[in-house]
$ cat model_1.txt   # compact mmCIF, C-alpha atoms
# COMPACT_ATOMS: atom_id res chain seq x y z
CA MET A 1000 24.86 -38.92 -16.77
CA ASP A 1001 27.86 -36.64 -16.37
CA ALA A 1002 27.45 -32.95 -17.03
CA THR A 1003 29.39 -31.70 -20.02
CA VAL A 1004 31.96 -28.95 -19.61
CA PRO A 1005 29.68 -26.37 -21.28
CA GLU A 1006 26.84 -27.41 -18.93
CA ILE A 1007 29.12 -26.98 -15.90
CA GLN A 1008 30.34 -23.63 -17.22
CA ARG A 1009 26.80 -22.46 -17.90
CA TYR A 1010 25.37 -23.78 -14.61
CA PRO A 1011 28.32 -23.94 -12.19
CA ILE A 1012 26.06 -24.57 -9.16
CA GLY A 1013 23.69 -26.84 -11.10
CA ARG A 1014 20.29 -26.06 -12.55
CA TYR A 1015 17.52 -24.68 -10.36
CA ALA A 1016 15.55 -27.42 -8.59
CA ARG A 1017 11.93 -26.44 -7.94
CA PRO A 1018 10.85 -27.32 -4.39
CA ASP A 1019 7.75 -29.44 -3.87
CA GLY A 1020 6.17 -27.19 -1.26
CA PHE A 1021 6.56 -24.51 1.37
CA LYS A 1022 9.35 -25.32 3.83
CA PRO A 1023 10.19 -22.60 6.38
CA ALA A 1024 13.84 -23.68 6.64
CA SER A 1025 14.32 -23.52 2.87
CA VAL A 1026 12.65 -20.12 2.70
CA GLY A 1027 14.90 -18.89 5.52
CA LEU A 1028 18.03 -20.06 3.69
CA ALA A 1029 16.85 -18.35 0.50
CA ILE A 1030 16.25 -15.08 2.35
CA THR A 1031 19.73 -15.26 3.87
CA SER A 1032 21.17 -15.84 0.40
CA ILE A 1033 19.33 -12.85 -1.05
CA GLU A 1034 20.33 -10.69 1.90
CA SER A 1035 24.02 -11.64 1.65
CA LEU A 1036 24.42 -11.48 -2.13
CA PRO A 1037 25.56 -7.81 -2.27
CA ARG A 1038 28.29 -8.46 0.31
CA LYS A 1039 29.51 -11.58 -1.53
CA LEU A 1040 29.43 -9.86 -4.90
CA LEU A 1041 31.25 -6.79 -3.59
CA SER A 1042 33.99 -8.95 -2.10
CA ASN A 1043 34.65 -10.25 -5.62
CA VAL A 1044 34.34 -7.07 -7.69
CA SER A 1045 34.86 -4.00 -5.50
CA SER A 1046 38.42 -3.27 -6.62
CA LEU A 1047 38.48 -4.73 -10.12
CA PRO A 1048 40.62 -3.03 -12.73
CA ARG A 1049 38.62 -2.00 -15.83
CA ALA A 1050 39.96 -4.91 -17.90
CA ASP A 1051 38.62 -7.49 -15.44
CA TRP A 1052 35.07 -6.19 -15.82
CA GLU A 1053 35.32 -7.38 -19.44
CA ARG A 1054 36.27 -10.98 -18.58
CA GLN A 1055 33.89 -13.80 -19.47
CA TYR A 1056 33.13 -17.03 -17.61
CA ARG A 1057 33.00 -18.96 -20.91
CA THR A 1058 33.50 -18.17 -24.58
CA GLY A 1059 30.59 -16.11 -25.87
CA SER A 1060 29.14 -15.41 -22.42
CA TRP A 1061 28.27 -12.11 -20.85
CA THR A 1062 31.12 -10.16 -19.29
CA VAL A 1063 31.48 -9.69 -15.53
CA ARG A 1064 30.10 -6.16 -16.08
CA GLN A 1065 27.04 -7.51 -17.92
CA VAL A 1066 26.39 -10.27 -15.38
CA THR A 1067 26.60 -7.77 -12.52
CA ASN A 1068 24.20 -5.41 -14.28
CA HIS A 1069 21.91 -8.36 -15.04
CA ILE A 1070 21.77 -9.32 -11.36
CA VAL A 1071 20.67 -5.78 -10.51
CA ASP A 1072 18.16 -5.55 -13.37
CA ALA A 1073 16.68 -8.93 -12.47
CA ASN A 1074 16.39 -8.18 -8.79
CA VAL A 1075 14.79 -4.79 -9.28
CA ASN A 1076 12.17 -6.71 -11.28
CA ASN A 1077 12.01 -9.53 -8.72
CA TYR A 1078 11.54 -7.17 -5.78
CA THR A 1079 8.72 -5.46 -7.68
CA ARG A 1080 7.12 -8.83 -8.45
CA PHE A 1081 7.00 -9.58 -4.71
CA LYS A 1082 5.40 -6.22 -3.98
CA PHE A 1083 2.74 -6.78 -6.65
CA ALA A 1084 2.03 -10.30 -5.35
CA LEU A 1085 1.69 -9.00 -1.80
CA THR A 1086 -0.78 -6.29 -2.79
CA GLU A 1087 -2.73 -7.81 -5.69
CA GLU A 1088 -4.40 -11.16 -6.33
CA ASN A 1089 -2.14 -13.23 -8.61
CA PRO A 1090 -0.89 -10.31 -10.71
CA VAL A 1091 0.51 -11.02 -14.15
CA ILE A 1092 4.18 -10.09 -14.15
CA LYS A 1093 5.96 -8.60 -17.13
CA PRO A 1094 8.93 -10.62 -18.32
CA TYR A 1095 11.75 -8.55 -19.79
CA LEU A 1096 14.23 -9.18 -22.60
CA GLU A 1097 17.34 -9.94 -20.52
CA ASP A 1098 19.64 -10.40 -23.51
CA GLN A 1099 18.64 -7.04 -24.95
CA TRP A 1100 18.96 -5.32 -21.56
CA SER A 1101 22.51 -6.74 -21.31
CA GLU A 1102 23.41 -4.99 -24.57
CA LEU A 1103 22.28 -1.52 -23.46
CA PRO A 1104 25.07 1.04 -22.88
CA ASP A 1105 24.85 0.98 -19.07
CA ALA A 1106 25.33 -2.81 -19.05
CA ARG A 1107 28.07 -2.82 -21.69
CA ASN A 1108 30.27 0.02 -20.44
CA GLY A 1109 28.57 2.08 -17.74
CA GLU A 1110 30.01 3.11 -14.39
CA MET A 1111 29.76 0.27 -11.90
CA ALA A 1112 29.49 2.25 -8.64
CA PRO A 1113 25.78 3.13 -9.18
CA THR A 1114 25.06 -0.48 -10.14
CA LEU A 1115 26.63 -1.79 -6.94
CA GLU A 1116 24.88 0.86 -4.83
CA LEU A 1117 21.53 -0.07 -6.34
CA LEU A 1118 22.21 -3.76 -5.74
CA ASN A 1119 22.92 -3.09 -2.08
CA ALA A 1120 19.85 -0.87 -1.65
CA ILE A 1121 17.37 -3.15 -3.44
CA HIS A 1122 18.58 -6.23 -1.57
CA HIS A 1123 18.33 -4.43 1.76
CA LYS A 1124 14.71 -3.42 1.04
CA TRP A 1125 13.87 -6.84 -0.41
CA ALA A 1126 15.30 -8.72 2.59
CA GLN A 1127 13.41 -6.39 4.93
CA THR A 1128 10.18 -7.26 3.09
CA LEU A 1129 10.98 -11.00 3.04
CA ARG A 1130 11.81 -11.11 6.76
CA SER A 1131 8.45 -9.49 7.57
CA MET A 1132 6.46 -12.13 5.68
CA GLY A 1133 4.68 -15.09 7.22
CA GLU A 1134 3.54 -18.33 5.64
CA ALA A 1135 0.28 -16.77 4.40
CA GLU A 1136 2.22 -14.12 2.48
CA PHE A 1137 4.58 -16.74 1.03
CA GLN A 1138 1.54 -18.66 -0.27
CA ARG A 1139 0.58 -15.64 -2.40
CA GLY A 1140 1.92 -15.62 -5.94
CA PHE A 1141 2.12 -14.05 -9.35
CA PHE A 1142 1.28 -15.35 -12.80
CA HIS A 1143 4.41 -15.78 -14.93
CA PRO A 1144 3.48 -15.73 -18.65
CA LYS A 1145 6.64 -17.57 -19.76
CA LEU A 1146 6.01 -20.38 -17.24
CA ASP A 1147 2.24 -20.21 -17.89
CA ARG A 1148 1.41 -20.67 -14.22
CA ILE A 1149 1.12 -18.97 -10.86
CA VAL A 1150 4.43 -18.96 -9.00
CA PRO A 1151 3.97 -18.90 -5.22
CA LEU A 1152 6.33 -16.55 -3.40
CA TRP A 1153 7.85 -19.43 -1.38
CA GLU A 1154 9.00 -20.86 -4.72
CA ALA A 1155 10.04 -17.49 -6.15
CA VAL A 1156 12.27 -16.68 -3.17
CA GLY A 1157 14.19 -19.93 -3.71
CA MET A 1158 14.38 -19.41 -7.46
CA TYR A 1159 15.71 -15.88 -7.06
CA ALA A 1160 18.21 -16.92 -4.38
CA TRP A 1161 19.48 -19.62 -6.76
CA HIS A 1162 19.65 -17.03 -9.57
CA GLY A 1163 21.94 -14.75 -7.56
CA GLU A 1164 24.25 -17.57 -6.45
CA HIS A 1165 24.31 -18.93 -10.00
CA HIS A 1166 25.53 -15.62 -11.44
CA LEU A 1167 27.94 -15.05 -8.55
CA ALA A 1168 29.55 -18.41 -9.39
CA GLN A 1169 29.87 -17.35 -13.03
CA ILE A 1170 31.60 -14.13 -11.96
CA ARG A 1171 34.00 -16.09 -9.75
CA ILE A 1172 34.85 -18.38 -12.67
CA ALA A 1173 35.49 -15.39 -14.94
CA LEU A 1174 37.81 -13.89 -12.33
CA GLY A 1175 39.58 -17.21 -11.62
CA ARG A 1176 38.33 -17.42 -8.02
$ encode --input "model_1.txt" --output "structure tokens"
Amino acid sequence: MDATVPEIQRYPIGRYARPDGFKPASVGLAITSIESLPRKLLSNVSSLPRADWERQYRTGSWTVRQVTNHIVDANVNNYTRFKFALTEENPVIKPYLEDQWSELPDARNGEMAPTLELLNAIHHKWAQTLRSMGEAEFQRGFFHPKLDRIVPLWEAVGMYAWHGEHHLAQIRIALGR
């Protein structure tokens, strides 16, 4: 079955595919993706004129500004989820209302320099944590109420790497890159 145009616009790199188990090579690729996301994002947005921050990747979508803020908001949460999972036994994580966060003033029209600085800092700390983990740590997990199951960290790292690349692709589409 061919993907429809809206499906391609919504998921330009395809939907997330859940792995069937821990694979060190896949985890390593995911860590590299998380570690490199700030650099890739900055190369696309660092010198944008104000009008380009308001561009959308499809009609009715978030703006480049909102997507960028969403990446930061999500990854602050994701980093924290890893820390909880590494220090507690299957902690219950708190989902957040992404759509409502994207409508807050900082996401709609705030300065972007602090957002980009926070992205760089959180990814640096997160990658440092990820690179220090062994298989036993990646087997730990957290309970995700929306998924109604424990998500092992080896799965979460891949999911969050996909998430960053997914939104980066949307930003590139919005900017015609």
$ closest_residue --input "model_1.txt" --among "A:Ala1120, A:Val1044, A:Leu1103, A:Leu1115" --to "A:Arg1176" --atoms "all atoms listed in the file"
A:Val1044
$ atom_distance --input "model_1.txt" --atom1 "atom CA of A:Arg1009" --atom2 "atom CA of A:Ala1173"
11.6 Å
$ closest_residue --input "model_1.txt" --among "A:Asp1105, A:Glu1136, A:Asp1051, A:Asp1072" --to "A:Ala1084" --atoms "all atoms listed in the file"
A:Glu1136
$ closest_residue --input "model_1.txt" --among "A:Val1091, A:Val1071, A:Ile1149, A:Leu1118" --to "A:Arg1038" --atoms "only C-alpha atoms"
A:Leu1118
$ closest_residue --input "model_1.txt" --among "A:Asp1019, A:Glu1034, A:Glu1053, A:Glu1110" --to "A:Trp1125" --atoms "only C-alpha atoms"
A:Glu1034
$ closest_atom_pairs --input "model_1.txt" --of "stretch 1068-1131 of chain A" --to "stretch 1159-1169 of chain A" --cutoff "8 Å" --atoms "all atoms listed in the file" --output "tab-separated table"
residue	atom	partner	partner_atom	distance
A:Ile1070	CA	A:Gly1163	CA	6.6
A:Asn1074	CA	A:Tyr1159	CA	7.9
A:Asn1077	CA	A:Tyr1159	CA	7.5
$ atom_distance --input "model_1.txt" --atom1 "atom CA of A:His1123" --atom2 "atom CA of A:Val1066"
19.8 Å
$ closest_residue --input "model_1.txt" --among "A:Leu1085, A:Leu1047, A:Ala1016, A:Val1156" --to "A:Ala1126" --atoms "only C-alpha atoms"
A:Val1156
$ closest_residue --input "model_1.txt" --among "A:Val1150, A:Leu1036, A:Ala1106, A:Ile1007" --to "A:Gln1138" --atoms "only C-alpha atoms"
A:Val1150
$ residues_around --input "model_1.txt" --residues "A:Arg1064" --least-positions-apart "4" --cutoff "8 Å" --atoms "all atoms listed in the file" --output "VMD selection string"
chain A and resid 1052 to 1053 1068 1106 to 1108 1111
$ atom_distance --input "model_1.txt" --atom1 "atom CA of A:Ile1012" --atom2 "atom CA of A:His1122"
21.2 Å
$ residues_around --input "model_1.txt" --residues "A:Lys1145" --least-positions-apart "6" --cutoff "12 Å" --atoms "only C-alpha atoms" --output "list in words"
Val1091, Ile1092, Lys1093, Pro1094, Tyr1095 and Leu1096 of chain A
$ residues_near_point --input "model_1.txt" --point "(9.8, -19.1, 4.2)" --cutoff "9 Å" --atoms "all atoms listed in the file" --output "NGL selection string"
:A and (1021-1030 or 1129-1130 or 1132-1134 or 1137 or 1152-1153 or 1156)
$ residues_around --input "model_1.txt" --residues "A:Arg1057" --least-positions-apart "2" --cutoff "10 Å" --atoms "only C-alpha atoms" --output "VMD selection string"
chain A and resid 1005 1008 to 1009 1054 to 1055 1059 to 1062 1169 1172 to 1173
$ write_last_selection --input "model_1.txt" --atoms "C-alpha atoms" --output "compact mmCIF listing (two decimals), in the coordinates of the input"
# COMPACT_ATOMS: atom_id res chain seq x y z
CA PRO A 1005 29.68 -26.37 -21.28
CA GLN A 1008 30.34 -23.63 -17.22
CA ARG A 1009 26.80 -22.46 -17.90
CA ARG A 1054 36.27 -10.98 -18.58
CA GLN A 1055 33.89 -13.80 -19.47
CA GLY A 1059 30.59 -16.11 -25.87
CA SER A 1060 29.14 -15.41 -22.42
CA TRP A 1061 28.27 -12.11 -20.85
CA THR A 1062 31.12 -10.16 -19.29
CA GLN A 1169 29.87 -17.35 -13.03
CA ILE A 1172 34.85 -18.38 -12.67
CA ALA A 1173 35.49 -15.39 -14.94
